[in-house]
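Each remark here refers to the structure printed beneath this line.
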Amino acid sequence: MHLRFVLIINLSGIHLGKIGPYFINTHFLYGSEESAVEFLSFIDLEKDKKLELPKKIFEKTFAQYNSNSIYKEVIDEMVSFINSHINVDEVDYVSGGERRDWFFSNIVAHLLGKPHISIFKDLSAVVSTPDFEETVSKTSLQGKKVLHVADLVTAASSYVRAWIPGVQSLGAEIVWSVVVVDRMQGGNDRLRDLGIDAYSLVQIAPDMFKKALDLGIISEEQNVMLNKFFEDPDGTMRKFLIEHPEFLENSLKADEKTVVRARLCIEGDLYGLNENK
């Protein structure tokens, strides 16, 4: 796996009001940041055309698969992993959720020879044939077993909020989950508690930090920070915010999305900073 595309060290990351020392940009595995951002923009422009979108996404990902060695390597590794860990004969459908799952789920479904379920954030879903030549709106898939393919899992909130209900609305069940990256923040454990066999190709853990250090991707200082964060995320970030009060101040002057997230952090007092006032 190409660590440089997966692990982006940056203390400007705020997600749902919580901060962290790295982003996980799995969609960069599409081949480059530029091509990934372009693909996301394409999805945003076309996503209201729900019956046309799956085929367009497949055509783009299939072309990228045949032209970009990085993306092809990741997809081939994912398909090989699935064949090694899951009895594919038992899989009736492959699903993927809006938007980043579609970097992986559509092409994987095609290579496995399985029909694909595209789940949208509004919980609607459309179903495509393995070659994506035909797509139909919500139908009954009563009793069918589904493999969900995603870019990453953190706390599995997207699964619980949208992907699982979206599949269940068709009468089917997600039986397996395969993600490119597990952030090791309880998501796969949560899925297993729900009866889903959960797998990942890469786990963001100390052994990966060590490999990134050995490859010169991160510094020793960053390695220490990452290991502390892995052991105690909230405590490590609380200490950082106390020592760097300008971080949230600057976040409130940033782009709109960052401002909203910074306000969630401050107004929710997610790190108990009011105790120091």
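Letters A, B, ... go to the chains of the structure tokens in the order shown; residues in each chain start at 1; ligands are counted from 1 in the same order.
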DSSP-assigned alpha helix (DSSP H) among stretch 101-213 of chain A, expressed as a VMD selection string: chain A and resid 105 to 112 157 to 158 164 to 168 187 to 193 206 to 213
Please save C-alpha atoms of the selected residues as a short mmCIF file (atom, residue, chain, number, x, y, z; two decimals), in the first residue's frame.
data_model
loop_
_atom_site.label_atom_id
_atom_site.label_comp_id
_atom_site.auth_asym_id
_atom_site.auth_seq_id
_atom_site.Cartn_x
_atom_site.Cartn_y
_atom_site.Cartn_z
CA SER A 105 -16.92 -0.35 -4.58
CA ASN A 106 -18.04 -0.05 -8.21
CA ILE A 107 -14.89 -1.43 -9.79
CA VAL A 108 -14.58 -4.14 -7.11
CA ALA A 109 -18.18 -5.25 -7.77
CA HIS A 110 -17.42 -5.49 -11.48
CA LEU A 111 -14.22 -7.50 -10.96
CA LEU A 112 -16.05 -9.87 -8.58
CA SER A 157 -21.07 6.27 12.18
CA SER A 158 -21.75 6.37 8.42
CA ILE A 164 -26.80 -0.33 6.99
CA PRO A 165 -30.31 1.24 6.91
CA GLY A 166 -29.97 1.85 3.17
CA VAL A 167 -29.32 -1.83 2.50
CA GLN A 168 -31.95 -2.95 5.01
CA GLY A 187 -15.37 1.20 13.98
CA ASN A 188 -14.68 -2.39 12.99
CA ASP A 189 -15.37 -3.56 16.55
CA ARG A 190 -18.71 -1.77 16.40
CA LEU A 191 -19.55 -3.48 13.11
CA ARG A 192 -18.64 -6.88 14.55
CA ASP A 193 -20.94 -6.17 17.50
CA PRO A 206 2.10 2.10 15.79
CA ASP A 207 3.61 -0.46 13.41
CA MET A 208 2.41 1.65 10.48
CA PHE A 209 3.85 4.80 12.08
CA LYS A 210 7.19 3.00 12.44
CA LYS A 211 7.12 1.98 8.78
CA ALA A 212 6.34 5.57 7.76
CA LEU A 213 9.26 6.74 9.94
#
Surrounding residues of A:Lys144 excluding itself and chain neighbours under 4 positions, 9 Å, only C-alpha atoms, as a list of chain:residue names: A:Val91, A:Asp92, A:Tyr93, A:Gly171, A:Ala172, A:Glu173, A:Ile174
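Going from atom CA of A:Thr236 to atom CA of A:Gly20 covers 9.1 Å.
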Within 9 Å of stretch 46-54 of chain A using only C-alpha atoms, minus same-chain residues under 2 positions, as JSON, numbers by chain: {"A": [41, 42, 43, 44, 56, 57, 58, 59, 98, 102, 106, 116, 118, 120, 125, 126, 127, 128, 132, 134, 135, 136, 137]}
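Closest approach to A:Leu226 among A:Ile242, A:Leu123, A:Leu141, A:Ile204: A:Ile204, based on only C-alpha atoms.
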DSSP strand (DSSP E or B) residues within stretch 18-256 of chain A, as a ChimeraX atom specification: /A:18-24,93-97,116-119,125-128,135-137,145-153,173-182,197-203
Neighbour list for A:Gly186 as a VMD selection string, cut-off 9 Å, only C-alpha atoms, skip fewer than 5 positions in-chain: chain A and resid 153 to 156 191
9 Å contact set for A:Asp151, only C-alpha atoms, chain neighbours under 5 positions out, as a list in words: Asn25, Thr26, His27, Arg100, Asp101, Trp102, Phe103, Phe104, Ser105, Val178, Val179, Val180, Val181 and Asp182 of chain A
Atom pair atom CA of A:Leu273 / atom CA of A:Thr258: separation (Å): 18.9 Å
